[in-house]
file target_30.cif (mmCIF, C-alpha atoms)
data_protein
#
loop_
_atom_site.label_atom_id
_atom_site.label_comp_id
_atom_site.auth_asym_id
_atom_site.auth_seq_id
_atom_site.Cartn_x
_atom_site.Cartn_y
_atom_site.Cartn_z
CA MET A 25 0.00 0.00 0.00
CA ALA A 26 1.45 3.36 -1.04
CA ILE A 27 0.28 6.93 -0.43
CA LEU A 28 1.40 9.85 -2.61
CA SER A 29 1.59 12.77 -0.17
CA ILE A 30 1.85 16.25 -1.68
CA GLN A 31 2.18 18.99 0.93
CA SER A 32 4.53 21.28 2.80
CA ALA A 33 7.73 20.26 4.56
CA VAL A 34 9.86 21.67 7.36
CA ALA A 35 13.36 20.77 8.50
CA TYR A 36 12.52 21.36 12.16
CA GLY A 37 9.26 20.23 13.71
CA HIS A 38 6.25 18.22 12.62
CA VAL A 39 3.89 19.79 10.11
CA GLY A 40 2.99 18.85 6.54
CA ASN A 41 4.97 15.94 5.19
CA ALA A 42 7.24 16.12 8.23
CA VAL A 43 4.31 14.78 10.26
CA ALA A 44 2.44 12.84 7.56
CA VAL A 45 5.32 10.60 6.50
CA PRO A 46 6.17 9.13 9.92
CA ALA A 47 2.48 8.84 10.86
CA LEU A 48 1.61 6.96 7.68
CA GLN A 49 4.65 4.74 8.02
CA ALA A 50 3.61 3.93 11.58
CA LEU A 51 0.38 2.57 10.09
CA GLY A 52 2.41 0.29 7.82
CA LEU A 53 2.06 2.31 4.63
CA GLU A 54 4.69 3.29 2.10
CA VAL A 55 4.80 7.03 1.43
CA TRP A 56 5.87 8.79 -1.76
CA ARG A 57 6.71 12.29 -0.59
CA VAL A 58 6.45 15.40 -2.75
CA ASP A 59 7.04 18.71 -0.91
CA THR A 60 5.24 21.85 -2.05
CA VAL A 61 7.48 24.11 0.07
CA GLY A 62 10.71 23.63 1.99
CA PHE A 63 10.85 25.76 5.15
CA SER A 64 13.25 25.69 8.07
CA ASN A 65 10.28 25.56 10.46
CA HIS A 66 6.60 26.38 10.76
CA PRO A 67 6.00 30.12 10.15
CA GLY A 68 4.11 30.19 13.45
CA HIS A 69 7.51 30.50 15.15
CA GLY A 70 7.58 34.08 13.88
CA ARG A 71 10.38 33.71 11.34
CA PHE A 72 11.59 31.03 8.96
CA THR A 73 13.84 30.48 5.96
CA GLY A 74 13.30 28.51 2.78
CA GLY A 75 10.85 28.89 -0.02
CA VAL A 76 8.05 27.63 -2.22
CA ARG A 77 8.72 24.94 -4.80
CA PRO A 78 7.55 26.04 -8.25
CA ALA A 79 4.52 24.19 -9.57
CA THR A 80 6.53 23.10 -12.62
CA GLU A 81 9.04 21.32 -10.38
CA ILE A 82 6.28 19.51 -8.52
CA ALA A 83 4.69 18.46 -11.81
CA HIS A 84 8.05 17.12 -13.02
CA LEU A 85 8.49 15.08 -9.85
CA ILE A 86 5.06 13.53 -10.27
CA GLU A 87 5.76 12.89 -13.96
CA GLY A 88 8.96 11.12 -12.95
CA ILE A 89 7.09 8.82 -10.58
CA ASP A 90 4.50 8.10 -13.25
CA THR A 91 7.22 7.28 -15.78
CA LEU A 92 8.50 4.53 -13.49
CA GLY A 93 5.27 2.64 -14.08
CA VAL A 94 4.51 2.28 -10.38
CA MET A 95 1.31 4.33 -10.11
CA GLY A 96 -0.71 1.11 -9.91
CA GLU A 97 0.70 0.71 -6.40
CA CYS A 98 -0.69 4.08 -5.28
CA GLU A 99 -3.87 3.52 -3.27
CA ALA A 100 -4.39 7.16 -2.35
CA VAL A 101 -3.22 10.68 -3.12
CA LEU A 102 -3.20 13.09 -0.16
CA SER A 103 -2.73 16.81 -0.74
CA GLY A 104 -2.32 19.57 1.81
CA TYR A 105 -0.65 22.99 1.84
CA LEU A 106 -0.07 24.49 -1.62
CA GLY A 107 2.71 27.05 -1.96
CA GLU A 108 1.11 28.68 -4.98
CA ALA A 109 -2.16 28.43 -6.89
CA ALA A 110 -0.58 26.77 -9.94
CA THR A 111 0.37 23.78 -7.80
CA ALA A 112 -3.28 22.72 -7.88
CA ASP A 113 -2.80 21.68 -11.52
CA ALA A 114 0.17 19.53 -10.54
CA VAL A 115 -1.90 17.87 -7.81
CA ALA A 116 -4.75 17.30 -10.26
CA GLY A 117 -2.26 15.71 -12.64
CA ALA A 118 -1.12 13.35 -9.89
CA VAL A 119 -4.70 12.31 -9.13
CA GLU A 120 -5.42 11.71 -12.79
CA ALA A 121 -2.22 9.66 -13.23
CA ALA A 122 -3.03 7.55 -10.17
CA ARG A 123 -6.55 6.86 -11.41
CA ARG A 124 -5.35 5.93 -14.89
CA ALA A 125 -3.19 3.23 -13.35
CA ARG A 126 -5.62 2.32 -10.58
CA PRO A 127 -9.23 3.48 -11.04
CA ASP A 128 -10.07 2.92 -7.37
CA ALA A 129 -7.27 5.19 -6.09
CA ARG A 130 -8.67 7.67 -3.57
CA TYR A 131 -7.96 11.37 -3.51
CA VAL A 132 -8.02 12.89 -0.02
CA LEU A 133 -8.03 16.69 -0.08
CA ASP A 134 -6.94 18.58 3.02
CA PRO A 135 -8.00 22.08 1.89
CA VAL A 136 -5.42 24.10 3.80
CA ILE A 137 -6.72 27.66 3.55
CA GLY A 138 -6.91 29.10 7.06
CA ASP A 139 -8.60 28.91 10.43
CA ASP A 140 -10.71 31.05 12.76
CA GLY A 141 -11.75 33.18 9.79
CA ARG A 142 -8.14 33.95 8.82
CA VAL A 143 -6.67 32.98 5.42
CA PHE A 144 -2.95 32.18 5.54
CA VAL A 145 -2.21 30.96 2.01
CA ARG A 146 -1.18 32.93 -1.07
CA GLU A 147 -3.64 34.75 -3.26
CA GLY A 148 -5.45 32.42 -5.64
CA VAL A 149 -4.85 29.25 -3.61
CA PRO A 150 -8.34 29.09 -2.03
CA GLU A 151 -9.99 29.44 -5.44
CA ALA A 152 -7.67 26.79 -6.94
CA ILE A 153 -8.58 24.37 -4.16
CA ARG A 154 -12.30 25.04 -4.57
CA ASP A 155 -12.48 25.04 -8.35
CA ARG A 156 -9.72 22.62 -9.43
CA LEU A 157 -9.28 20.12 -6.60
CA LEU A 158 -12.61 19.83 -4.78
CA PRO A 159 -14.41 18.30 -7.80
CA LEU A 160 -11.72 15.60 -8.01
CA ALA A 161 -11.73 14.68 -4.34
CA ASP A 162 -13.26 11.54 -2.86
CA ILE A 163 -12.76 12.83 0.68
CA VAL A 164 -12.31 16.44 1.83
CA LEU A 165 -11.19 17.41 5.35
CA PRO A 166 -12.01 21.08 6.10
CA ASN A 167 -12.04 22.83 9.45
CA PRO A 168 -15.18 24.95 10.07
CA SER A 169 -13.66 28.08 8.50
CA GLU A 170 -12.54 26.19 5.39
CA LEU A 171 -15.91 24.44 5.16
CA GLY A 172 -17.76 27.75 5.09
CA TRP A 173 -15.36 29.20 2.54
CA LEU A 174 -15.60 26.21 0.18
CA ALA A 175 -19.36 25.96 0.47
CA GLY A 176 -19.88 29.72 0.17
CA VAL A 177 -22.08 29.91 3.25
CA THR A 178 -21.84 31.15 6.81
CA VAL A 179 -21.26 28.28 9.21
CA GLY A 180 -22.61 28.78 12.71
CA GLY A 181 -23.73 25.74 14.68
CA MET A 182 -23.45 22.07 13.91
CA SER A 183 -26.64 22.04 11.86
CA ASP A 184 -25.14 24.71 9.58
CA SER A 185 -21.93 22.71 9.28
CA ILE A 186 -23.71 19.53 8.25
CA ASP A 187 -25.79 21.45 5.69
CA ALA A 188 -22.59 23.02 4.31
CA ALA A 189 -20.94 19.60 4.14
CA ARG A 190 -23.85 18.31 2.09
CA LEU A 191 -23.37 21.22 -0.32
CA LEU A 192 -19.79 20.02 -0.84
CA LEU A 193 -21.02 16.47 -1.48
CA ASP A 194 -22.87 17.86 -4.51
CA ARG A 195 -19.56 19.10 -5.94
CA GLY A 196 -17.70 15.79 -6.11
CA PRO A 197 -16.62 14.26 -2.79
CA CYS A 198 -18.43 11.29 -1.28
CA LEU A 199 -17.32 12.14 2.27
CA VAL A 200 -16.74 15.43 4.09
CA VAL A 201 -14.89 15.29 7.41
CA ILE A 202 -15.28 18.45 9.50
CA THR A 203 -12.32 18.81 11.84
CA GLY A 204 -11.62 20.92 14.92
CA VAL A 205 -15.18 21.60 16.09
CA GLU A 206 -15.05 23.05 19.61
CA GLU A 207 -17.95 21.83 21.72
CA ALA A 208 -17.90 22.63 25.45
CA ASP A 209 -14.97 20.62 26.85
CA GLU A 210 -14.57 18.47 23.74
CA MET A 211 -12.94 18.80 20.33
CA ALA A 212 -15.25 17.00 17.93
CA THR A 213 -14.87 15.74 14.38
CA TYR A 214 -17.78 14.86 12.10
CA ALA A 215 -17.85 12.69 8.98
CA VAL A 216 -20.74 13.42 6.64
CA SER A 217 -21.77 11.19 3.74
CA ARG A 218 -24.96 11.23 1.69
CA ASP A 219 -26.69 8.82 4.03
CA ALA A 220 -24.97 9.13 7.42
CA VAL A 221 -23.24 11.43 9.91
CA TRP A 222 -20.67 10.10 12.39
CA ARG A 223 -19.08 11.86 15.35
CA ALA A 224 -15.91 11.23 17.32
CA ALA A 225 -14.46 13.50 20.00
CA ALA A 226 -11.66 13.92 22.50
CA THR A 227 -11.15 16.20 25.46
CA ARG A 228 -10.44 19.76 24.29
CA ARG A 229 -7.00 20.98 25.32
CA GLU A 230 -6.42 24.57 26.38
CA ARG A 231 -3.43 25.25 24.14
CA ARG A 232 -2.95 25.43 20.38
CA PHE A 233 -0.75 23.08 18.38
CA ASN A 234 0.83 23.44 14.95
CA GLY A 235 0.35 20.50 12.60
CA THR A 236 -2.72 18.85 14.12
CA GLY A 237 -4.70 19.22 10.90
CA ASP A 238 -1.85 17.69 8.90
CA LEU A 239 -1.54 14.83 11.37
CA PHE A 240 -5.27 14.13 11.33
CA ALA A 241 -5.32 14.15 7.51
CA ALA A 242 -2.48 11.63 7.41
CA LEU A 243 -4.04 9.37 10.02
CA PHE A 244 -7.44 9.46 8.34
CA THR A 245 -5.92 8.71 4.94
CA GLY A 246 -3.95 5.85 6.43
CA TRP A 247 -6.84 4.29 8.31
CA VAL A 248 -9.36 4.60 5.49
CA THR A 249 -6.80 3.07 3.12
CA ARG A 250 -6.17 0.18 5.48
CA THR A 251 -9.77 -0.55 6.41
CA GLY A 252 -12.03 1.08 3.81
CA ASP A 253 -14.27 2.01 6.74
CA PRO A 254 -14.81 5.78 7.19
CA ASP A 255 -16.37 5.66 10.66
CA HIS A 256 -13.55 3.48 11.99
CA ALA A 257 -11.02 5.78 10.29
CA LEU A 258 -12.68 8.76 11.97
CA ALA A 259 -12.52 7.28 15.47
CA ALA A 260 -9.00 5.88 15.09
CA SER A 261 -7.69 9.19 13.75
CA VAL A 262 -9.25 11.21 16.56
CA ALA A 263 -7.75 8.77 19.07
CA GLY A 264 -4.32 9.01 17.42
CA LEU A 265 -4.42 12.79 17.37
CA ASP A 266 -5.43 12.84 21.03
CA LEU A 267 -2.52 10.54 21.85
CA VAL A 268 -0.02 12.91 20.23
CA THR A 269 -1.47 16.15 21.62
CA GLY A 270 -1.67 14.61 25.07
CA GLU A 271 2.00 13.64 24.96
CA THR A 272 2.89 17.10 23.62
CA GLU A 273 1.02 18.76 26.46
CA ARG A 274 2.62 16.46 29.01
CA ARG A 275 6.12 17.28 27.75
CA GLY A 276 5.39 20.99 27.31
CA THR A 277 6.99 21.11 23.86
CA GLU A 278 6.03 23.61 21.16
CA GLU A 279 6.26 21.06 18.35
CA LEU A 280 4.12 17.92 18.31
CA ALA A 281 5.66 15.11 20.36
CA LEU A 282 5.04 12.60 17.59
CA ILE A 283 8.14 10.43 17.68
CA PRO A 284 7.82 9.27 21.32
CA VAL A 285 4.39 7.74 20.60
CA LEU A 286 4.82 6.49 17.03
CA ALA A 287 4.80 2.86 18.13
CA GLU A 288 1.45 3.38 19.86
CA ILE A 289 -0.37 5.08 16.97
CA ALA A 290 -1.41 1.89 15.18
CA ARG A 291 -2.88 0.52 18.40
CA THR A 292 -5.33 3.42 18.68
CA GLY A 293 -7.40 1.77 15.98
CA GLU A 294 -7.85 -1.55 17.72
CA HIS A 295 -11.02 -0.60 19.61
CA ALA A 296 -11.94 2.77 18.12
CA SER A 297 -15.55 3.43 17.23
CA ALA A 298 -17.45 6.53 16.15
CA THR A 299 -21.03 7.40 17.02
CA ARG A 300 -23.57 7.55 14.22
CA ILE A 301 -25.79 10.55 14.89
CA ALA A 302 -27.82 10.61 11.66
#
call {"tool": "encode", "arguments": {"input": "target_30.cif", "output": "structure tokens"}}
result
Amino acid sequence: MAILSIQSAVAYGHVGNAVAVPALQALGLEVWRVDTVGFSNHPGHGRFTGGVRPATEIAHLIEGIDTLGVMGECEAVLSGYLGEAATADAVAGAVEAARRARPDARYVLDPVIGDDGRVFVREGVPEAIRDRLLPLADIVLPNPSELGWLAGVTVGGMSDSIDAARLLLDRGPCLVVITGVEEADEMATYAVSRDAVWRAAATRRERRFNGTGDLFAALFTGWVTRTGDPDHALAASVAGLDLVTGETERRGTEELALIPVLAEIARTGEHASATRIA
């Protein structure tokens, strides 16, 4: 089982591919890594070095993989942070190449746009995600802000979020997973399909973490690839994310404490179960 992961990378810390690759490998999956940017660290530290990889370079890397004749081994394409709008075409090319070789290859779109009403990607990237990538996606993983932006509606309560998710289902995906929903003392995640809604939650922590969305996207991609079961993937991914954030909080580190609990991540799926609420 191989996952083609196209997203950001940092030399220090755990965001983008720097968190996705070890997490996916911990689930027993091979990862083909393509980095959309190469930064020294997450910009949330206040300063960083490095830069964006041109879309043409990313397209050439994907073309090189395709030329090897191995795309039939790719069970899923996962995309995250895009350094520039043109990179969406390179991602679309990767999805199309994977599906030519393996028609059942999934495309999991983590639409990294922003959070809490703030957009933190370059101009044109949100539109490229909405117009070029969303129609290709099998699964899309927005936070509430990204969900509202993609659906073009104001998202208030959970009822609004589920209605917005169903709008996205009409544009291509078969599953919308709404991440990072703060509910009292819990952080909830919802998976919405055409005929069901599932919920999984963990205790809400009082601090913020960089890379949790990237980690969740990797875990969900890994679990749904392994099991084909979206509600199990939801519960196992929430449990894995809670494991890592709990260890990070315990250690008091700024970056996710992923490595100390890597061996435990696969075990979070042994007894995980989500609640069907609709």
call {"tool": "atom_distance", "arguments": {"input": "target_30.cif", "atom1": "CA of Pro78 in chain A", "atom2": "CA of Val149 in chain A"}}
result
13.6 Å
call {"tool": "closest_residue", "arguments": {"input": "target_30.cif", "among": "A:Ala83, A:Ala220, A:Arg231, A:Glu294", "to": "Glu278 in chain A", "atoms": "only C-alpha atoms"}}
result
A:Arg231
call {"tool": "closest_residue", "arguments": {"input": "target_30.cif", "among": "A:Ala188, A:Glu108, A:Gly204, A:Ala125", "to": "Asp140 in chain A", "atoms": "only C-alpha atoms"}}
result
A:Gly204
call {"tool": "closest_residue", "arguments": {"input": "target_30.cif", "among": "A:Val43, A:Ala109, A:Val177, A:Ile163", "to": "Gly235 in chain A", "atoms": "all atoms listed in the file"}}
result
A:Val43
call {"tool": "resolve_selection", "arguments": {"input": "target_30.cif", "expression": "the PyMOL selection byres ((chain A and resi 155-160) around 8)", "output": "ChimeraX atom specification"}}
result
/A:112-113,115-116,119,131,133,151-154,161-162,164,195-197
call {"tool": "resolve_selection", "arguments": {"input": "target_30.cif", "expression": "the PyMOL selection byres ((chain A and resi 166) around 6)", "output": "MDAnalysis selection string"}}
result
chainID A and resid 135 165 167 170:171 202
call {"tool": "atom_distance", "arguments": {"input": "target_30.cif", "atom1": "CA of Phe72 in chain A", "atom2": "CA of Met211 in chain A"}}
result
29.7 Å
call {"tool": "atom_distance", "arguments": {"input": "target_30.cif", "atom1": "CA of His69 in chain A", "atom2": "CA of Val143 in chain A"}}
result
17.4 Å
call {"tool": "resolve_selection", "arguments": {"input": "target_30.cif", "expression": "the PyMOL selection byres ((chain A and resi 238-240) around 7)", "output": "compact mmCIF listing (two decimals) with C-alpha atoms, in the frame of the given file"}}
result
# COMPACT_ATOMS: atom_id res chain seq x y z
CA VAL A 39 3.89 19.79 10.11
CA GLY A 40 2.99 18.85 6.54
CA VAL A 43 4.31 14.78 10.26
CA ALA A 44 2.44 12.84 7.56
CA GLY A 235 0.35 20.50 12.60
CA THR A 236 -2.72 18.85 14.12
CA GLY A 237 -4.70 19.22 10.90
CA ALA A 241 -5.32 14.15 7.51
CA ALA A 242 -2.48 11.63 7.41
CA LEU A 243 -4.04 9.37 10.02
CA PHE A 244 -7.44 9.46 8.34
CA SER A 261 -7.69 9.19 13.75
CA LEU A 265 -4.42 12.79 17.37
call {"tool": "closest_residue", "arguments": {"input": "target_30.cif", "among": "A:Glu87, A:Asp59, A:Glu207, A:Glu99", "to": "Gly246 in chain A", "atoms": "only C-alpha atoms"}}
result
A:Glu99
call {"tool": "build_atoms", "arguments": {"input": "target_30.cif", "residues": "range 113-126 of chain A", "atoms": "N, CA and C atoms", "output": "PDB file, in the frame of the given file"}}
result
ATOM      1  N   ASP A 113      -2.827  22.439 -10.269  1.00  0.00           N
ATOM      2  CA  ASP A 113      -2.800  21.680 -11.520  1.00  0.00           C
ATOM      3  C   ASP A 113      -1.874  20.482 -11.418  1.00  0.00           C
ATOM      4  N   ALA A 114      -0.750  20.644 -10.719  1.00  0.00           N
ATOM      5  CA  ALA A 114       0.170  19.530 -10.540  1.00  0.00           C
ATOM      6  C   ALA A 114      -0.472  18.432  -9.685  1.00  0.00           C
ATOM      7  N   VAL A 115      -1.194  18.845  -8.649  1.00  0.00           N
ATOM      8  CA  VAL A 115      -1.900  17.870  -7.810  1.00  0.00           C
ATOM      9  C   VAL A 115      -2.970  17.145  -8.632  1.00  0.00           C
ATOM     10  N   ALA A 116      -3.722  17.905  -9.414  1.00  0.00           N
ATOM     11  CA  ALA A 116      -4.750  17.300 -10.260  1.00  0.00           C
ATOM     12  C   ALA A 116      -4.122  16.292 -11.226  1.00  0.00           C
ATOM     13  N   GLY A 117      -2.950  16.630 -11.753  1.00  0.00           N
ATOM     14  CA  GLY A 117      -2.260  15.710 -12.640  1.00  0.00           C
ATOM     15  C   GLY A 117      -1.867  14.418 -11.941  1.00  0.00           C
ATOM     16  N   ALA A 118      -1.472  14.528 -10.672  1.00  0.00           N
ATOM     17  CA  ALA A 118      -1.120  13.350  -9.890  1.00  0.00           C
ATOM     18  C   ALA A 118      -2.333  12.457  -9.674  1.00  0.00           C
ATOM     19  N   VAL A 119      -3.467  13.077  -9.343  1.00  0.00           N
ATOM     20  CA  VAL A 119      -4.700  12.310  -9.130  1.00  0.00           C
ATOM     21  C   VAL A 119      -5.103  11.593 -10.411  1.00  0.00           C
ATOM     22  N   GLU A 120      -5.035  12.308 -11.517  1.00  0.00           N
ATOM     23  CA  GLU A 120      -5.420  11.710 -12.790  1.00  0.00           C
ATOM     24  C   GLU A 120      -4.487  10.574 -13.177  1.00  0.00           C
ATOM     25  N   ALA A 121      -3.184  10.722 -12.928  1.00  0.00           N
ATOM     26  CA  ALA A 121      -2.220   9.660 -13.230  1.00  0.00           C
ATOM     27  C   ALA A 121      -2.479   8.435 -12.363  1.00  0.00           C
ATOM     28  N   ALA A 122      -2.759   8.669 -11.072  1.00  0.00           N
ATOM     29  CA  ALA A 122      -3.030   7.550 -10.170  1.00  0.00           C
ATOM     30  C   ALA A 122      -4.278   6.792 -10.612  1.00  0.00           C
ATOM     31  N   ARG A 123      -5.296   7.524 -11.024  1.00  0.00           N
ATOM     32  CA  ARG A 123      -6.550   6.860 -11.410  1.00  0.00           C
ATOM     33  C   ARG A 123      -6.450   6.170 -12.774  1.00  0.00           C
ATOM     34  N   ARG A 124      -5.563   6.667 -13.634  1.00  0.00           N
ATOM     35  CA  ARG A 124      -5.350   5.930 -14.890  1.00  0.00           C
ATOM     36  C   ARG A 124      -4.772   4.551 -14.612  1.00  0.00           C
ATOM     37  N   ALA A 125      -3.844   4.501 -13.672  1.00  0.00           N
ATOM     38  CA  ALA A 125      -3.190   3.230 -13.350  1.00  0.00           C
ATOM     39  C   ALA A 125      -4.034   2.375 -12.415  1.00  0.00           C
ATOM     40  N   ARG A 126      -4.823   3.039 -11.588  1.00  0.00           N
ATOM     41  CA  ARG A 126      -5.620   2.320 -10.580  1.00  0.00           C
ATOM     42  C   ARG A 126      -6.930   3.090 -10.380  1.00  0.00           C
TER      43      ARG A 126
END
